[in-house]
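The next block is model36.pdb, given as PDB, C-alpha atoms, pLDDT in the B column.
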ATOM      1  CA  MET I   1      92.809-120.058 190.730  1.00 52.00           C
ATOM      2  CA  PHE I   2      91.025-116.716 190.790  1.00 50.00           C
ATOM      3  CA  ARG I   3      94.062-115.040 189.146  1.00 54.00           C
ATOM      4  CA  VAL I   4      93.973-117.576 186.260  1.00 52.00           C
ATOM      5  CA  ARG I   5      90.255-116.945 185.582  1.00 53.00           C
ATOM      6  CA  VAL I   6      90.716-113.162 185.573  1.00 49.00           C
ATOM      7  CA  PHE I   7      93.715-113.483 183.248  1.00 47.00           C
ATOM      8  CA  ALA I   8      91.853-115.867 180.893  1.00 51.00           C
ATOM      9  CA  GLY I   9      88.783-113.618 180.864  1.00 50.00           C
ATOM     10  CA  GLY I  10      90.942-110.569 180.140  1.00 50.00           C
ATOM     11  CA  VAL I  11      92.659-112.314 177.232  1.00 48.00           C
ATOM     12  CA  LEU I  12      89.317-113.340 175.726  1.00 48.00           C
ATOM     13  CA  ALA I  13      88.003-109.781 176.064  1.00 48.00           C
ATOM     14  CA  LEU I  14      91.116-108.370 174.352  1.00 44.00           C
ATOM     15  CA  VAL I  15      90.890-110.912 171.534  1.00 44.00           C
ATOM     16  CA  GLY I  16      87.231-110.009 171.023  1.00 44.00           C
ATOM     17  CA  LEU I  17      87.951-106.282 170.938  1.00 40.00           C
ATOM     18  CA  ALA I  18      90.953-106.692 168.674  1.00 41.00           C
ATOM     19  CA  GLY I  19      88.923-108.783 166.256  1.00 41.00           C
ATOM     20  CA  ALA I  20      86.112-106.252 166.226  1.00 41.00           C
ATOM     21  CA  GLY I  21      88.387-103.255 165.756  1.00 41.00           C
ATOM     22  CA  CYS I  22      90.676-104.737 163.160  1.00 41.00           C
ATOM     23  CA  SER I  23      88.316-106.741 161.023  1.00 42.00           C
ATOM     24  CA  SER I  24      87.927-105.371 157.501  1.00 46.00           C
ATOM     25  CA  THR I  25      84.285-106.468 157.370  1.00 48.00           C
ATOM     26  CA  TRP I  26      83.035-105.652 160.859  1.00 58.00           C
ATOM     27  CA  GLY I  27      80.060-103.371 160.545  1.00 65.00           C
ATOM     28  CA  CYS I  28      80.638-102.867 156.838  1.00 74.00           C
ATOM     29  CA  THR I  29      77.509-102.500 154.710  1.00 70.00           C
ATOM     30  CA  ASP I  30      79.203-101.987 151.350  1.00 69.00           C
ATOM     31  CA  THR I  31      76.342-103.102 149.157  1.00 74.00           C
ATOM     32  CA  ALA I  32      75.291-102.404 145.611  1.00 76.00           C
ATOM     33  CA  THR I  33      71.713-101.686 144.631  1.00 78.00           C
ATOM     34  CA  LYS I  34      70.007-104.043 142.217  1.00 83.00           C
ATOM     35  CA  ARG I  35      70.057-103.124 138.553  1.00 85.00           C
ATOM     36  CA  GLY I  36      66.755-101.639 137.426  1.00 87.00           C
ATOM     37  CA  GLU I  37      64.810-102.755 134.373  1.00 92.00           C
ATOM     38  CA  ALA I  38      66.328-101.348 131.175  1.00 93.00           C
ATOM     39  CA  GLY I  39      64.075 -99.543 128.736  1.00 94.00           C
ATOM     40  CA  VAL I  40      63.817 -96.924 126.022  1.00 96.00           C
ATOM     41  CA  LYS I  41      62.238 -94.594 128.604  1.00 96.00           C
ATOM     42  CA  VAL I  42      63.105 -95.017 132.284  1.00 94.00           C
ATOM     43  CA  ARG I  43      62.543 -93.376 135.656  1.00 91.00           C
ATOM     44  CA  VAL I  44      65.969 -92.273 136.885  1.00 89.00           C
ATOM     45  CA  GLU I  45      66.563 -93.639 140.402  1.00 85.00           C
ATOM     46  CA  ASP I  46      69.266 -92.871 142.941  1.00 80.00           C
ATOM     47  CA  VAL I  47      70.896 -95.612 145.065  1.00 77.00           C
ATOM     48  CA  HIS I  48      67.980 -95.439 147.509  1.00 76.00           C
ATOM     49  CA  GLY I  49      65.340 -95.881 144.784  1.00 78.00           C
ATOM     50  CA  GLN I  50      64.262 -92.223 144.890  1.00 81.00           C
ATOM     51  CA  LEU I  51      63.046 -90.659 141.631  1.00 86.00           C
ATOM     52  CA  ARG I  52      65.436 -88.125 140.044  1.00 83.00           C
ATOM     53  CA  GLY I  53      63.545 -87.558 136.798  1.00 86.00           C
ATOM     54  CA  THR I  54      63.169 -89.483 133.583  1.00 91.00           C
ATOM     55  CA  ALA I  55      65.409 -90.278 130.653  1.00 92.00           C
ATOM     56  CA  GLU I  56      64.684 -91.707 127.242  1.00 95.00           C
ATOM     57  CA  VAL I  57      66.341 -92.692 124.008  1.00 96.00           C
ATOM     58  CA  VAL I  58      64.666 -90.431 121.464  1.00 94.00           C
ATOM     59  CA  ASP I  59      66.089 -92.142 118.374  1.00 96.00           C
ATOM     60  CA  TRP I  60      69.086 -94.067 117.079  1.00 97.00           C
ATOM     61  CA  ARG I  61      70.656 -95.119 113.794  1.00 97.00           C
ATOM     62  CA  LEU I  62      73.743 -96.823 112.445  1.00 97.00           C
ATOM     63  CA  GLU I  63      76.184 -94.518 110.688  1.00 96.00           C
ATOM     64  CA  PRO I  64      79.892 -93.723 110.536  1.00 95.00           C
ATOM     65  CA  HIS I  65      81.160 -91.099 112.937  1.00 93.00           C
ATOM     66  CA  PRO I  66      81.766 -87.869 110.949  1.00 92.00           C
ATOM     67  CA  GLN I  67      85.290 -87.496 112.362  1.00 93.00           C
ATOM     68  CA  GLU I  68      86.231 -91.101 111.472  1.00 91.00           C
ATOM     69  CA  PRO I  69      84.097 -92.184 108.521  1.00 90.00           C
ATOM     70  CA  SER I  70      86.471 -95.019 107.636  1.00 90.00           C
ATOM     71  CA  GLY I  71      85.833 -96.625 111.056  1.00 88.00           C
ATOM     72  CA  GLY I  72      82.552 -98.169 109.921  1.00 92.00           C
ATOM     73  CA  ASP I  73      79.116 -97.909 111.414  1.00 95.00           C
ATOM     74  CA  LEU I  74      78.578 -96.923 115.031  1.00 96.00           C
ATOM     75  CA  VAL I  75      75.335 -96.592 116.942  1.00 97.00           C
ATOM     76  CA  HIS I  76      74.439 -92.895 116.989  1.00 97.00           C
ATOM     77  CA  PHE I  77      71.652 -92.152 119.457  1.00 97.00           C
ATOM     78  CA  HIS I  78      69.841 -89.128 120.855  1.00 95.00           C
ATOM     79  CA  PHE I  79      68.580 -89.028 124.428  1.00 94.00           C
ATOM     80  CA  ARG I  80      66.632 -86.720 126.703  1.00 92.00           C
ATOM     81  CA  PHE I  81      66.763 -86.119 130.465  1.00 88.00           C
ATOM     82  CA  ASP I  82      63.716 -84.562 132.119  1.00 86.00           C
ATOM     83  CA  GLY I  83      63.829 -83.288 135.686  1.00 76.00           C
ATOM     84  CA  ALA I  84      67.622 -83.514 135.855  1.00 67.00           C
ATOM     85  CA  ASP I  85      69.973 -80.880 137.188  1.00 63.00           C
ATOM     86  CA  GLU I  86      72.581 -79.692 134.674  1.00 61.00           C
ATOM     87  CA  PHE I  87      75.440 -79.743 137.174  1.00 64.00           C
ATOM     88  CA  ASN I  88      74.578 -82.462 139.692  1.00 68.00           C
ATOM     89  CA  GLY I  89      72.437 -84.618 137.492  1.00 76.00           C
ATOM     90  CA  PRO I  90      72.457 -88.346 136.993  1.00 86.00           C
ATOM     91  CA  ALA I  91      74.540 -90.578 134.774  1.00 88.00           C
ATOM     92  CA  LEU I  92      72.971 -93.667 133.210  1.00 91.00           C
ATOM     93  CA  ASP I  93      74.285 -96.785 131.559  1.00 94.00           C
ATOM     94  CA  VAL I  94      73.195 -97.047 127.944  1.00 97.00           C
ATOM     95  CA  CYS I  95      73.538-100.181 125.809  1.00 97.00           C
ATOM     96  CA  ALA I  96      72.961-101.143 122.222  1.00 98.00           C
ATOM     97  CA  VAL I  97      71.167-104.504 122.339  1.00 97.00           C
ATOM     98  CA  ASP I  98      70.249-107.297 119.964  1.00 97.00           C
ATOM     99  CA  LYS I  99      66.717-108.708 119.554  1.00 97.00           C
ATOM    100  CA  GLU I 100      67.243-110.880 122.680  1.00 97.00           C
ATOM    101  CA  ARG I 101      68.196-107.751 124.715  1.00 97.00           C
ATOM    102  CA  VAL I 102      71.805-108.887 125.073  1.00 97.00           C
ATOM    103  CA  ALA I 103      74.149-105.906 125.312  1.00 97.00           C
ATOM    104  CA  LEU I 104      76.378-105.517 122.257  1.00 97.00           C
ATOM    105  CA  GLY I 105      78.102-102.378 123.524  1.00 96.00           C
ATOM    106  CA  CYS I 106      77.579-100.092 126.515  1.00 96.00           C
ATOM    107  CA  GLY I 107      78.617 -96.705 127.792  1.00 95.00           C
ATOM    108  CA  THR I 108      77.494 -93.988 130.182  1.00 93.00           C
ATOM    109  CA  VAL I 109      75.581 -90.817 129.390  1.00 92.00           C
ATOM    110  CA  TYR I 110      75.474 -87.847 131.736  1.00 88.00           C
ATOM    111  CA  SER I 111      72.578 -85.459 132.082  1.00 86.00           C
ATOM    112  CA  SER I 112      75.071 -82.614 131.619  1.00 84.00           C
ATOM    113  CA  GLN I 113      75.472 -83.829 128.005  1.00 84.00           C
ATOM    114  CA  ALA I 114      71.789 -83.056 127.481  1.00 81.00           C
ATOM    115  CA  PHE I 115      71.849 -79.348 128.264  1.00 75.00           C
ATOM    116  CA  GLY I 116      72.308 -77.382 125.088  1.00 67.00           C
ATOM    117  CA  PRO I 117      72.836 -73.631 124.794  1.00 64.00           C
ATOM    118  CA  ASP I 118      69.172 -73.094 123.898  1.00 64.00           C
ATOM    119  CA  GLY I 119      67.950 -74.798 127.093  1.00 65.00           C
ATOM    120  CA  ASP I 120      66.816 -78.088 125.609  1.00 70.00           C
ATOM    121  CA  THR I 121      67.466 -81.292 127.528  1.00 82.00           C
ATOM    122  CA  THR I 122      68.541 -83.550 124.669  1.00 87.00           C
ATOM    123  CA  GLY I 123      71.964 -84.799 123.713  1.00 89.00           C
ATOM    124  CA  ASP I 124      73.575 -87.400 121.536  1.00 93.00           C
ATOM    125  CA  ASP I 125      76.369 -89.938 121.803  1.00 95.00           C
ATOM    126  CA  TRP I 126      77.923 -92.887 119.992  1.00 96.00           C
ATOM    127  CA  LEU I 127      78.418 -96.555 120.862  1.00 96.00           C
ATOM    128  CA  ALA I 128      80.855 -98.896 119.173  1.00 94.00           C
ATOM    129  CA  VAL I 129      79.708-102.477 118.658  1.00 96.00           C
ATOM    130  CA  GLU I 130      81.430-105.426 116.979  1.00 93.00           C
ATOM    131  CA  ARG I 131      78.426-106.393 114.832  1.00 94.00           C
ATOM    132  CA  PRO I 132      76.361-103.281 114.021  1.00 95.00           C
ATOM    133  CA  SER I 133      73.922-105.288 111.866  1.00 95.00           C
ATOM    134  CA  GLU I 134      72.687-107.098 115.012  1.00 97.00           C
ATOM    135  CA  VAL I 135      71.617-103.920 116.846  1.00 97.00           C
ATOM    136  CA  ALA I 136      67.868-103.984 117.472  1.00 98.00           C
ATOM    137  CA  GLY I 137      67.624-101.082 119.909  1.00 97.00           C
ATOM    138  CA  VAL I 138      69.252 -98.810 122.457  1.00 98.00           C
ATOM    139  CA  LEU I 139      68.253 -99.082 126.114  1.00 97.00           C
ATOM    140  CA  LEU I 140      68.897 -97.008 129.222  1.00 96.00           C
ATOM    141  CA  ILE I 141      69.315 -98.509 132.671  1.00 94.00           C
ATOM    142  CA  PRO I 142      67.537 -96.417 135.320  1.00 90.00           C
ATOM    143  CA  ASN I 143      70.169 -96.587 138.070  1.00 88.00           C
ATOM    144  CA  ASP I 144      72.074 -93.334 138.596  1.00 85.00           C
ATOM    145  CA  GLN I 145      75.783 -94.113 138.191  1.00 85.00           C
ATOM    146  CA  SER I 146      76.997 -90.617 139.116  1.00 82.00           C
ATOM    147  CA  TYR I 147      77.312 -91.471 142.828  1.00 73.00           C
ATOM    148  CA  GLN I 148      80.245 -93.770 143.530  1.00 71.00           C
ATOM    149  CA  GLY I 149      80.307 -93.733 147.321  1.00 72.00           C
ATOM    150  CA  ARG I 150      83.088 -94.868 149.598  1.00 74.00           C
ATOM    151  CA  THR I 151      83.868 -98.559 149.752  1.00 75.00           C
ATOM    152  CA  CYS I 152      84.436-100.829 152.743  1.00 79.00           C
ATOM    153  CA  GLY I 153      88.161-100.543 152.122  1.00 76.00           C
ATOM    154  CA  GLU I 154      87.934 -96.765 152.470  1.00 76.00           C
ATOM    155  CA  ASP I 155      85.424 -96.703 155.329  1.00 72.00           C
ATOM    156  CA  VAL I 156      85.387 -99.954 157.305  1.00 71.00           C
ATOM    157  CA  LYS I 157      82.754 -98.696 159.730  1.00 69.00           C
ATOM    158  CA  ASP I 158      79.862 -98.579 157.271  1.00 65.00           C
ATOM    159  CA  GLY I 159      81.268 -98.615 153.742  1.00 65.00           C
ATOM    160  CA  GLY I 160      79.500 -95.372 152.924  1.00 65.00           C
ATOM    161  CA  GLY I 161      76.187 -97.142 152.351  1.00 69.00           C
ATOM    162  CA  PRO I 162      74.711 -98.505 149.141  1.00 72.00           C
ATOM    163  CA  HIS I 163      76.414 -98.022 145.801  1.00 77.00           C
ATOM    164  CA  PRO I 164      75.121 -98.149 142.225  1.00 79.00           C
ATOM    165  CA  PRO I 165      75.063-101.586 140.636  1.00 84.00           C
ATOM    166  CA  LYS I 166      78.001-102.710 138.550  1.00 86.00           C
ATOM    167  CA  PRO I 167      77.801-100.870 135.199  1.00 88.00           C
ATOM    168  CA  ALA I 168      76.282-102.787 132.314  1.00 90.00           C
ATOM    169  CA  ALA I 169      78.730-104.426 129.916  1.00 93.00           C
ATOM    170  CA  ARG I 170      78.804-106.299 126.616  1.00 95.00           C
ATOM    171  CA  GLY I 171      77.103-109.683 127.006  1.00 95.00           C
ATOM    172  CA  ASP I 172      74.778-108.666 129.865  1.00 94.00           C
ATOM    173  CA  GLN I 173      71.152-109.735 129.484  1.00 95.00           C
ATOM    174  CA  LEU I 174      68.993-106.634 129.855  1.00 93.00           C
TER
END
Here is the file; what I need is its structure written in the form of structure tokens.
Amino acid sequence: MFRVRVFAGGVLALVGLAGAGCSSTWGCTDTATKRGEAGVKVRVEDVHGQLRGTAEVVDWRLEPHPQEPSGGDLVHFHFRFDGADEFNGPALDVCAVDKERVALGCGTVYSSQAFGPDGDTTGDDWLAVERPSEVAGVLLIPNDQSYQGRTCGEDVKDGGGPHPPKPAARGDQL
């Protein structure tokens, strides 16, 4: 009888250890931070909510791209990063939105795009949208998208910690 209890206890212990060591979710904290409030001027935040500077949309207009004028109007916008590092700086989602703040087209801007040869911290970029006449503004989302840490699949133990939120996309309410 004693031999049966020891054997049964040993099997249960092995099953428990095997489950803990082989589970793809055991101990995994692969989480995404919450998306911050979009705005024309935002505080740039890393995945832990720490301030990394500010960014703002300086201006925008609808116009054809000079290299493809027959392509129709695109959203041409200028932006500025303050307090960002040229080489290891943040990347932010940027979206053209309608009057209800629904994203019509989105992309990513990098602080490295805002470092000109004369030392200024402004840059420009273009967004394509299906209905340019509906664009009411251009908004930045404050979450730094430059850090894409390891996932649970790559690091089962802890997933590498928090990750930026899913990038903004057409149709998102901002």
Exercise for review: Please provide as number ranges by chain all residues within 12 Å of range 131-133 of chain I, with the sequence filter that same-chain residues fewer than 5 positions apart are discarded (counting all atoms listed in the file).
Suggested key: I: 61-64, 71-76, 96-99, 103-105, 138, 170
Review point. Counting only C-alpha atoms, which of I:His163, I:Val156, I:Phe81, I:Val40 gets nearest to Cys95 in chain I?
Key: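 Closest to Cys95 in chain I of all the choices is I:Val40.
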Practice item. Using CA of Cys28 in chain I and CA of Val44 in chain I as the two end points, give the distance in Å to one decimal. Key: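 Answer for the CA of Cys28 in chain I to CA of Val44 in chain I separation: 26.9 Å.
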Check your understanding: Quick one, how far is CA of Gly149 in chain I from CA of Gly89 in chain I?
Key ->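 If I compute the distance from CA of Gly149 in chain I to CA of Gly89 in chain I, I get 15.5 Å.
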Name the residues that the PyMOL selection byres ((chain I and resi 55) around 7) picks from the file above, as a compact mmCIF listing (two decimals) with C-alpha atoms, in the frame of the given file, using the file's chain letters and numbers.
# COMPACT_ATOMS: atom_id res chain seq x y z
CA LYS I 41 62.24 -94.59 128.60
CA VAL I 42 63.10 -95.02 132.28
CA ARG I 43 62.54 -93.38 135.66
CA VAL I 44 65.97 -92.27 136.88
CA GLY I 53 63.54 -87.56 136.80
CA THR I 54 63.17 -89.48 133.58
CA GLU I 56 64.68 -91.71 127.24
CA ARG I 80 66.63 -86.72 126.70
CA PHE I 81 66.76 -86.12 130.46
CA ASP I 82 63.72 -84.56 132.12
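Computed from the coordinates, the CA of Gln148 in chain I to CA of Asp120 in chain I distance equals 27.3 Å.
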Exercise for review: For Pro90 in chain I, work out the shell of residues within 7 Å, counting all atoms listed in the file and skipping chain neighbours fewer than 3 positions away, then give it as a VMD selection string.
Suggested key: chain I and resid 84 110 to 111 144 to 146
**Study point:** Shortest interatomic distance to Val58 in chain I - which of I:Asp124, I:Glu45, I:Asp93, I:Asp172, counting all atoms listed in the file
**Key:**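 Counting all atoms listed in the file, the residue closest to Val58 in chain I is I:Asp124.
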Exercise for review: Mind checking which residues fall within 10 Å of Glu37 in chain I, counting all atoms listed in the file, ignoring those fewer than 3 positions away in the same chain, and posting them as a PyMOL selection string?
Suggested key: chain I and resi 34+42-43+139-143+174
Selection under test: the PyMOL selection byres ((chain I and resi 166) around 9); residues as a short mmCIF file (atom, residue, chain, number, x, y, z; two decimals) with C-alpha atoms, keeping the file's coordinate frame:
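The resulting file, part.cif, is shown below:
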data_model
loop_
_atom_site.label_atom_id
_atom_site.label_comp_id
_atom_site.auth_asym_id
_atom_site.auth_seq_id
_atom_site.Cartn_x
_atom_site.Cartn_y
_atom_site.Cartn_z
CA ALA I 32 75.29 -102.40 145.61
CA THR I 33 71.71 -101.69 144.63
CA LYS I 34 70.01 -104.04 142.22
CA ARG I 35 70.06 -103.12 138.55
CA GLN I 145 75.78 -94.11 138.19
CA HIS I 163 76.41 -98.02 145.80
CA PRO I 164 75.12 -98.15 142.22
CA PRO I 165 75.06 -101.59 140.64
CA PRO I 167 77.80 -100.87 135.20
CA ALA I 168 76.28 -102.79 132.31
CA ALA I 169 78.73 -104.43 129.92
#
Practice item. Pick out the residues sitting within 7 Å of Thr108 in chain I, and hand them over as a PyMOL selection string; count only C-alpha atoms, and ignore anything fewer than 6 positions along from it in its own chain. Key: chain I and resi 91-94
